[in-house]
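Trainee: This is the structure I have questions about; it appears just below.
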Amino acid sequence: MFQLVTHKNGFGFFPKQSQNSIPEKSQILGAIPPPKPLRFYRLLAFILLLLANFDLLAQTTPQLKKTSEAVDSVLVRNVQLLSLEDTVNLRVSLIILDKKLELVTRDDIKSAPGAKVYDGKGGFLMGRVAIGEAPSFVVLKENPRENFDIFLNTKDYVIFAMEEGLIVTNILSQVKLETEEEAVAEEEETKEREQSRRFAWTSYNPPPMAVPFNYYSSRKWNRFETKYISGLFNGIIALDRMNWLSQNENSRTQVGELENSSLGEIRAIRFGLIGTLNFKRPWVYTVFVTNNTFDRDYTDDGNKMTLYDLRLDIPLPSGVTLSVGKQKEPISMSRLTTLVFLPMQERQAAEDAFLPARNWGTVLNGSYLKGRGTWAAGLFKNFVDSDTSFRDTPIQLTGRVTAIPFLTDDQSNLLHIGLGLRYSDAKQPVVAKTESEFYLSPIFVQTPQMNVDNFFTKDFELYWRKGPVLVGGEYITNRINAPDLGDPTMYGFNVGGTWAVTGEMRPYRKRSGIFDPLPVSKPVGQGGTGALELAVRYSLIDLNETEVQGGQMRTTSAGLTWWPSPRVQVGANYRFVTLDRDEIVGKSSGMNVRLMLILD
């Protein structure tokens, strides 16, 4: 089922067949005005310079030396590769002869002539391991893709480290020859120990940024660690260039001249801290802000920093977590997924019209069916960011439940279903409006201001993933209790699919019931060409119902995203938009190109 691929700077197992391995847009309570022109080209040279520096950081070798032990022959067995997604267990053994890597194999090797044998106890291997060269790697006792504590408190998790063929850290005991019965018993014990491991990242919301590859290095410049608190500084910048390609006369009548919004834009500059408060059961904190100086074109006064996330995740008994602060509501897979890691550059229009980006409140979450299902419930009241008093600010009750009704043994083929519910007592008038599915766009659909008693939103999710292929979508309805308007129900949906041309498979985050970013199995500069993903999507939003006529918009999209490394993304999205509003049908099309960098 798997083949071992070796190259100059590393190796990895890849399945032989198809399973090879920001300010948000407008919401129902208001819209963000279109951004102003930016100094796009002046920033491009600076971004490319950062790219070169990030590539150097990504290849930094961890310095974990305690002692240096030169051994002519070493066998490290029973370790798991960390380069693939965490849902597939790939156990390997390594043989190092004369400080050079001689063999990497899935065969269960018990011993080698004249070699010191170490049992990795199912640990997770990460580092530079190229056949015929001196290896440098670490073995971690837990999976860092599941246990967020590892990249904040490394020293407690490294059980073995080798640098340039020398053993520099080792708490493993040398293995003596054992009987077959003892080997079987040890293997069963290892499996039980792995099954009992819990997620340390217990928040329903995933980390705002991807975990750095070299998080285990205690010498990372952007990491700090003390007895009581630890943390890691992280950031992201996304640079967009938008071009409208076509527009008919009806569209000009509806939304004006689109060519005026063919601009360059800083889509996102976000930075912040992720870390732990080191109690016996650590609490995880997340603080992220965005800088909108570029949106203001350096001219407007006022607050140029926006608080995006301010959350504290507190572990409770029975695997339940309490999250308090400003955070995403548990309502939709697409909304919970970090925008820059979605297959398309922007979410479907109905999500931006009906669902908020973030809110102030509390969330309880947990899992069931031995990790094959999740549940979450939240209570929110956004009095902090609103201009109303606490009493006059509406209350939202939100909940989501997900399940995996079908899952193969190798976990490469799964079916996800989900249901999200949201109720608001709507103490303030509401408006449903959104741009086209381009960030640099005027408002395309919009209802008049509505005085309502309350509204109730439902989100249905269905996704199927098989290896590098992911298809599915979401259907959203918004039932508004407004007798004077005939109690309208508005809706929207999207359906689409993605294909990782280079064979990678999006991991499934069981704690949150979402898909993680596309992994990069073979980065550029390490013997590969990066990861390439193609995506298509069709979406619709309908704000026409009874007395309310806000318009109907249909969007057909195609996208291409290239990840040369896990820290760099280059992508392009094309959309064709049909707008039925004001008794005429307008048509337009455009393309957006994005360059994104993640601070490592």
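Residue numbers start at 1 in each chain; chains themselves are named A, B, ... in the order of the structure tokens; ligands are numbered from 1 in the order shown.
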May I have the residues within 6 Å of range 137-145 of chain A as a list in words, using only C-alpha atoms and disregarding those fewer than 5 positions away in the same chain?
Mentor: Gly123, Phe124, Leu125, Met126, Gly127, Arg128, Ile150, Tyr157, Val158, Ile159, Phe160, Ala161 and Met162 of chain A
Trainee: Could you list, with a cut-off of 12 Å and counting only C-alpha atoms, the residues of range 396-472 of chain A near range 326-350 of chain A, each shown with its nearest atom pair and the distance in Å rounded to one decimal, rows sorted by chain and ascending number, as JSON lines?
Mentor:
```
{"residue": "A:Gln396", "atom": "CA", "partner": "A:Glu329", "partner_atom": "CA", "distance": 9.5}
{"residue": "A:Leu397", "atom": "CA", "partner": "A:Glu329", "partner_atom": "CA", "distance": 9.3}
{"residue": "A:Thr398", "atom": "CA", "partner": "A:Pro330", "partner_atom": "CA", "distance": 6.5}
{"residue": "A:Gly399", "atom": "CA", "partner": "A:Pro330", "partner_atom": "CA", "distance": 5.9}
{"residue": "A:Arg400", "atom": "CA", "partner": "A:Ile331", "partner_atom": "CA", "distance": 5.5}
{"residue": "A:Val401", "atom": "CA", "partner": "A:Ile331", "partner_atom": "CA", "distance": 8.8}
{"residue": "A:Thr402", "atom": "CA", "partner": "A:Met333", "partner_atom": "CA", "distance": 9.5}
{"residue": "A:His416", "atom": "CA", "partner": "A:Met333", "partner_atom": "CA", "distance": 10.3}
{"residue": "A:Ile417", "atom": "CA", "partner": "A:Met333", "partner_atom": "CA", "distance": 10.0}
{"residue": "A:Gly418", "atom": "CA", "partner": "A:Ser332", "partner_atom": "CA", "distance": 8.1}
{"residue": "A:Leu419", "atom": "CA", "partner": "A:Ile331", "partner_atom": "CA", "distance": 7.7}
{"residue": "A:Gly420", "atom": "CA", "partner": "A:Ile331", "partner_atom": "CA", "distance": 4.6}
{"residue": "A:Leu421", "atom": "CA", "partner": "A:Ile331", "partner_atom": "CA", "distance": 6.4}
{"residue": "A:Arg422", "atom": "CA", "partner": "A:Ile331", "partner_atom": "CA", "distance": 7.2}
{"residue": "A:Tyr423", "atom": "CA", "partner": "A:Ile331", "partner_atom": "CA", "distance": 10.9}
{"residue": "A:Ala432", "atom": "CA", "partner": "A:Ala350", "partner_atom": "CA", "distance": 9.3}
{"residue": "A:Lys433", "atom": "CA", "partner": "A:Ala350", "partner_atom": "CA", "distance": 9.0}
{"residue": "A:Thr434", "atom": "CA", "partner": "A:Ala349", "partner_atom": "CA", "distance": 6.5}
{"residue": "A:Glu435", "atom": "CA", "partner": "A:Ala349", "partner_atom": "CA", "distance": 7.3}
{"residue": "A:Ser436", "atom": "CA", "partner": "A:Ala349", "partner_atom": "CA", "distance": 6.7}
{"residue": "A:Glu437", "atom": "CA", "partner": "A:Ala349", "partner_atom": "CA", "distance": 6.0}
{"residue": "A:Phe438", "atom": "CA", "partner": "A:Glu346", "partner_atom": "CA", "distance": 6.8}
{"residue": "A:Tyr439", "atom": "CA", "partner": "A:Glu346", "partner_atom": "CA", "distance": 7.4}
{"residue": "A:Leu440", "atom": "CA", "partner": "A:Glu346", "partner_atom": "CA", "distance": 10.9}
{"residue": "A:Ser441", "atom": "CA", "partner": "A:Glu346", "partner_atom": "CA", "distance": 11.9}
{"residue": "A:Ile443", "atom": "CA", "partner": "A:Ala349", "partner_atom": "CA", "distance": 10.8}
{"residue": "A:Phe444", "atom": "CA", "partner": "A:Ala349", "partner_atom": "CA", "distance": 9.8}
{"residue": "A:Val445", "atom": "CA", "partner": "A:Ala349", "partner_atom": "CA", "distance": 9.3}
{"residue": "A:Gln446", "atom": "CA", "partner": "A:Ala349", "partner_atom": "CA", "distance": 11.5}
{"residue": "A:Thr457", "atom": "CA", "partner": "A:Ile331", "partner_atom": "CA", "distance": 9.2}
{"residue": "A:Lys458", "atom": "CA", "partner": "A:Ile331", "partner_atom": "CA", "distance": 8.4}
{"residue": "A:Asp459", "atom": "CA", "partner": "A:Ser332", "partner_atom": "CA", "distance": 6.5}
{"residue": "A:Phe460", "atom": "CA", "partner": "A:Ser332", "partner_atom": "CA", "distance": 8.1}
{"residue": "A:Glu461", "atom": "CA", "partner": "A:Met333", "partner_atom": "CA", "distance": 7.5}
{"residue": "A:Leu462", "atom": "CA", "partner": "A:Met333", "partner_atom": "CA", "distance": 9.7}
{"residue": "A:Tyr463", "atom": "CA", "partner": "A:Met333", "partner_atom": "CA", "distance": 9.9}
{"residue": "A:Val469", "atom": "CA", "partner": "A:Pro343", "partner_atom": "CA", "distance": 11.6}
{"residue": "A:Leu470", "atom": "CA", "partner": "A:Pro343", "partner_atom": "CA", "distance": 9.9}
{"residue": "A:Val471", "atom": "CA", "partner": "A:Pro343", "partner_atom": "CA", "distance": 10.9}
{"residue": "A:Gly472", "atom": "CA", "partner": "A:Ser334", "partner_atom": "CA", "distance": 11.1}
```
Trainee: Got a sec to tell me which of range 292-382 of chain A DSSP assigns to helix (DSSP H, G or I), as a list in words?
Mentor: Pro317, Ser318, Gly319, Met333, Ser334, Arg335, Leu336, Leu339, Val340, Phe341, Ala349, Ala350, Glu351, Asp352, Ala353, Phe354, Leu369, Lys370 and Gly371 of chain A
Trainee: Have a look at A:Gly120, A:Gly559, A:Gly586, A:Pro315 and name the one nearest to Leu532 in chain A; count only C-alpha atoms.
Mentor: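 Once distances to Leu532 in chain A are computed over only C-alpha atoms, the minimum belongs to A:Gly559.
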Trainee: Restricting the calculation to only C-alpha atoms, which member of A:Arg567, A:Arg594, A:Arg372, A:Lys280 is positioned closest to Arg509 in chain A?
Mentor: A:Arg372
Trainee: For CA of Thr374 in chain A and CA of Tyr508 in chain A, quote the distance in Å rounded to one decimal.
Mentor: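 CA of Thr374 in chain A sits 12.3 Å away from CA of Tyr508 in chain A.
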Trainee: What does the distance between CA of Lys370 in chain A and CA of Phe406 in chain A come to in Å, to one decimal place?
Mentor: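 Those two atoms sit 13.7 Å apart.
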Trainee: Nearest to Ile541 in chain A among A:Gly467, A:Gly492, A:Pro519, A:Pro566, with distances taken over only C-alpha atoms: which residue is it?
Mentor: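 Of A:Gly467, A:Gly492, A:Pro519, A:Pro566, the one nearest Ile541 in chain A, counting only C-alpha atoms, is A:Gly492.
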